[in-house]
Each structure stands twice: as C-alpha cells, then as structure tokens.
Amino acid sequence: MDALVRSRGAYVCRSCTRSLRRQWLRGHSYSTAATTPDIYDVVCVGGGPAGLSLLTALRANPVTSHLRVALVEAQDLAKVRSWTLPPDRFSNRCSSLTPASVRFLESIGAWNHLARDRVQPYHEMQVWDGVTGARIEFDWGLGSAPPARHAVEGTTIAYMNENLNLTSGLLKRLDELGGVAVFDGAKVEAITYGPETEELDLRQWPLVHLSSGNQLCARLLVGADGANSPVRSFAGISAPGWDYDRHGVVATLEMEGDGWRGDQIKIAYQRFLPTGPVAMLPMPGRFSTLVWSTTPANAAVLKSLSRKDFVAMVNAAFRLSPVDLAYMHTQEAGQADEYSWRIQHTPHDPRAVPQEVVAVQEGTVASFPLRLRHADTYIAERVALVGDAAHTVHPLAGQGLNQGQGDVQSLAKTIEYAVTHGQDIGVTMSLEPYLSERYAANHVLLGVCDKLHKLYSASSGPLVPLRSVGLSAVNALTPLKSFLMNRAAGNPLKLF
C-alpha cells in the first residue's frame, strides 16, 4: 500500500523530494541552498493551538505519519517550550476547552503533556440577565449536596486552561513524535506559486518565502495564522464580518475562597450587562480568570485604575445595578470607596454570585477588540484554513478555541481519507469533506453568539421582558437545557 500511495501521488516521500531538488538545481545552476524551494506535503503557517494540533494529529496517525510536514511560526518556539509560571501565578490568556476538545487532545497524545495541575474543570455555570435578574443554571444534575469526589466524573462542562499551557504541551508532544521541519522565528514575506522547469512543474503549488531566506513549496498549505491570515489573502478568500465596538478586558483574579462548593465542584459565572457580558471562570485554587466585554471607553477606564479600584469594579459588575456600574465608570478613581457604600444599599444573594475578588495579579489587566469574521470558504486549490484564519467569534460562549480544534480534527480526518484512497491531498475535491463538515456548523455557532450579543445589549424596550421570559423558560425546560449543555460541551450537532 505504501508503494501504491507513493506512485499515485498521495504524498511526497523523502527520496522523491531529493530527486525533485536535484532536478531543480540542474535547471537553475545559479541557485543556492538558501533559495532552493524545499518541497513538503503539508506546510502549516501558524504555531498556535490550531496549527500545532493539526501537525500533531498528522504525525500521531500511522496513516499520515509519513507525510513530509513543516511548521512556520514567527515567534521563537523555544520560549513556549520552556514556559512555566509559579503555582500562584496564571496567564491572563485562558480558554475554555470542551470535553470533546479534550478527547481529541487525548487521542493525539497531547493532553498528558499539559501541566495538569494548572487545568481546572468546572461542573456548573450560572448565567443571568443583569437588567432583570432572570437566570439559567447549567449543571449535570449534581444537586446541592457536596458529592463524593468520584461523583463528579463525567459531569464536567468544560476545562479552563492557559493558552500557553496548551501550546507548550502540544510542542512537547510534537517533539516526542519528531519528523516536523520547524521554521520558527521566521516571518512570511510573501506567498507565490512555484516555478516551472523542464523536469518539474510547480506552478499550481504555493511557495512560501520566509524572512530567513527559506522557500517552502507545499502540496497543501494550511493557514492557521490568525484573523489577519496571509494564507487567506494569498488564496483570495474574503472574510466578511463586522467589529462590535467592544473590547474584551481580561485579568487574573484572586478570590476570597475556593468557591461556594469547595474545590471539588467549580462554578463559572456570566452576567449579561447592557455593555456586554462579564464572565468569571475558575482556575485552580482560589484563582479565577476574568473576561469582561465592554465599550472601548469603559475598557480604557478599567485599565487605568489602581488594583484596589479595579477589584471593586469587578465585584460591582456581578452585584450592582447597571446604572450604578455606569456611574462608577465615570469616576477617575475612588471606586473602592464607592462600591463599599453602594453594596450596603443593594440587596443581593451572596451565594448567587461569585465569591468576592480580593486581589488582581499585577500585569494581567489587558484588553483586545472584539469582532466577527467568517471566511467565504475554508478551502481553495492546495489551501485550507483553520481556526481564526477561517472564523472569529464573540467570546461570550467560550467557543473560539474549540471551533479551531473541531476544524483541525475534521481536516486531519479528511487528509487521512485522501491518503488512504490514493488521492492528492491538496486538490479542492479532496478537501471538500472538510468544508462541508465544518462550515455550516461554525456558521450556526457564530450566528447564535452574534444574536445573543445583540439581544442582551438592549437595556430597555420590549426585548427586555421577552428575553427574561425566554431565559426562565429555558431554565425550566430540562430537555432544551440539556441540548444547550451538550452543544457547550462540544458534542456534535446534526443539522440534517
């Protein structure tokens, strides 16, 4: 089968590559090693979670492990490999990994390479309307009594994890597998099509020109290079969408305790405010990560505050009325004193909101603009897009990274099928199954997140009571709530 696959062009073996390079040199005697194209089956641009997961999946699968693959990343990956932080320090860039994403990482052998003591599963999620107080509670039926530790198995909604912990673990697994040509610290200067000589025609193969002088010719070029993807631009694929005029403020917080239900059952909280949702997501021990979607002006105020006043604003975001919170955003300082006075006159159930924040880790308060983008297609001739290169979504559902992992799993399966059946892995026909599986599912999720953002941006009018009734109804309808929880956990949605 190996000989058959080679003869039918399913991949470029190492001996074929050496032969092709000799032919290239004979036709271009003036070329040097620095400018001679190196030919690969798969060249992945982007060394984030999506790109690293794809190459790990290809190398871990016996069917695709013989493919000649390369990784291009502008950053120095040595720093990512050696990444570490003390147990009481956490990065402010964290993501929620669904059980489906974790199962995929386990299947490619990467999950055990993460620092597991820095990963926090959570088993319940409280979501409520900041204007009306209508609430929905997501859990897998653990009840209110503290369960035995073994009882929480299989009840995890998602796992909170630092992005650098994930990329570091993927790199360690990739190093363990070997067989990947890594071009890190090298930026993509241009992407063109390959040359034509008397012996070799690469005019339809993408040719990646790197700042290091290397040139990589790809049977399949994968863009895992983010929202401003050079690979997508090369393929002529547009990505329409819009900016939300919102920024996501992130920070690492220290709480007053391990949570209302101890360290065995962690709870995530999200409150929808008129300016955007604010979420408190648990990390190991007494720590949490904050994701607060708000206006650019409010984000600027939050980043300018002292740590004491910032802590007060976060506590206020989960407890005070939107009117009180809006007033506190107009203050240049003194929010801590303002919060102390206002909370005395604001009735609230302490156990219906997160425990109070007592500190924010220095240097972790940051922000980034929020936008929606969706590429017109994920594939072109010898090009495939995954992750943020294909789509960017509002963070309110915590699904951005999981969408990328779903893309990778589907694309790896598509490549495996092409190799098994002796197909050229780079042609559009071979890539069609990936597009058909992922595009519609991603489009639905992007649309849902977009509509939720717009629905909860209203602070008055008929939408406010209607959305409260809807939220209360969903909370009372167990089958519908179970459906939403299965989607949040990454279980597949059957559209047809």
# chains A, B, ... in the order shown; residues from 1 in each chain; ligands from 1
call {"tool": "select_by_dssp", "arguments": {"residues": "region 208-439 of chain A", "states": "strand (DSSP E or B)", "output": "ChimeraX atom specification"}}
result
/A:208-210,215-223,241-255,267-273,276-282,287-294,357-360,366-374,379-380,383-385,391-392
call {"tool": "atom_distance", "arguments": {"atom1": "CA of Ala299 (chain A)", "atom2": "CA of Gly46 (chain A)"}}
result
28.9 Å
call {"tool": "atom_distance", "arguments": {"atom1": "CA of Thr155 (chain A)", "atom2": "CA of His123 (chain A)"}}
result
5.8 Å
call {"tool": "closest_residue", "arguments": {"among": "A:Gly223, A:Pro322, A:Pro277, A:Gly51", "to": "Ile379 (chain A)", "atoms": "only C-alpha atoms"}}
result
A:Gly223
call {"tool": "select_by_dssp", "arguments": {"residues": "region 226-411 of chain A", "states": "alpha helix (DSSP H)", "output": "number ranges by chain"}}
result
A: 230-235, 296-304, 307-317, 322-329, 335-343, 400-411
call {"tool": "closest_atom_pairs", "arguments": {"of": "region 339-403 of chain A", "to": "region 306-320 of chain A", "cutoff": "8 Å", "atoms": "only C-alpha atoms", "output": "Markdown table"}}
result
| residue | atom | partner | partner_atom | distance |
| --- | --- | --- | --- | --- |
| A:Tyr339 | CA | A:Ala312 | CA | 6.1 |
| A:Arg342 | CA | A:Leu320 | CA | 7.7 |
| A:Ile343 | CA | A:Leu320 | CA | 6.9 |
| A:Thr346 | CA | A:Leu320 | CA | 6.7 |
| A:His348 | CA | A:Arg319 | CA | 6.9 |
| A:Val353 | CA | A:Phe318 | CA | 6.5 |
| A:Pro354 | CA | A:Phe318 | CA | 7.6 |
| A:Glu356 | CA | A:Asn315 | CA | 6.2 |
| A:Val357 | CA | A:Val311 | CA | 6.2 |
| A:Val358 | CA | A:Val311 | CA | 6.8 |
| A:Ala359 | CA | A:Val311 | CA | 6.3 |
| A:Val360 | CA | A:Arg307 | CA | 6.3 |
| A:Glu362 | CA | A:Arg307 | CA | 7.8 |
call {"tool": "atom_distance", "arguments": {"atom1": "CA of Arg246 (chain A)", "atom2": "CA of Tyr456 (chain A)"}}
result
13.6 Å
call {"tool": "residues_around", "arguments": {"residues": "Val291 (chain A)", "least_positions_apart": "3", "cutoff": "7 Å", "atoms": "only C-alpha atoms", "output": "ChimeraX atom specification"}}
result
/A:248-250,278-280
call {"tool": "write_last_selection", "arguments": {"atoms": "C-alpha atoms", "output": "PDB file, in the first residue's frame"}}
result
ATOM      1  CA  GLY A 248     -12.629  42.155  25.977  1.00  0.00           C
ATOM      2  CA  VAL A 249     -10.912  43.029  29.265  1.00  0.00           C
ATOM      3  CA  VAL A 250      -9.008  40.109  30.799  1.00  0.00           C
ATOM      4  CA  VAL A 278     -18.861  39.770  32.156  1.00  0.00           C
ATOM      5  CA  ALA A 279     -17.623  36.269  32.985  1.00  0.00           C
ATOM      6  CA  MET A 280     -15.737  34.856  35.965  1.00  0.00           C
TER       7      MET A 280
END
call {"tool": "closest_residue", "arguments": {"among": "A:Thr84, A:Ser101, A:Leu200, A:His394", "to": "Lys451 (chain A)", "atoms": "only C-alpha atoms"}}
result
A:His394
call {"tool": "closest_residue", "arguments": {"among": "A:Val182, A:Leu302, A:Val386, A:Leu177", "to": "Ser367 (chain A)", "atoms": "only C-alpha atoms"}}
result
A:Leu302
call {"tool": "residues_around", "arguments": {"residues": "region 259-269 of chain A", "least_positions_apart": "2", "cutoff": "10 Å", "atoms": "only C-alpha atoms", "output": "ChimeraX atom specification"}}
result
/A:120-128,137-139,142,144-152,155-158,160,255-257,271,278-290,318,350-356
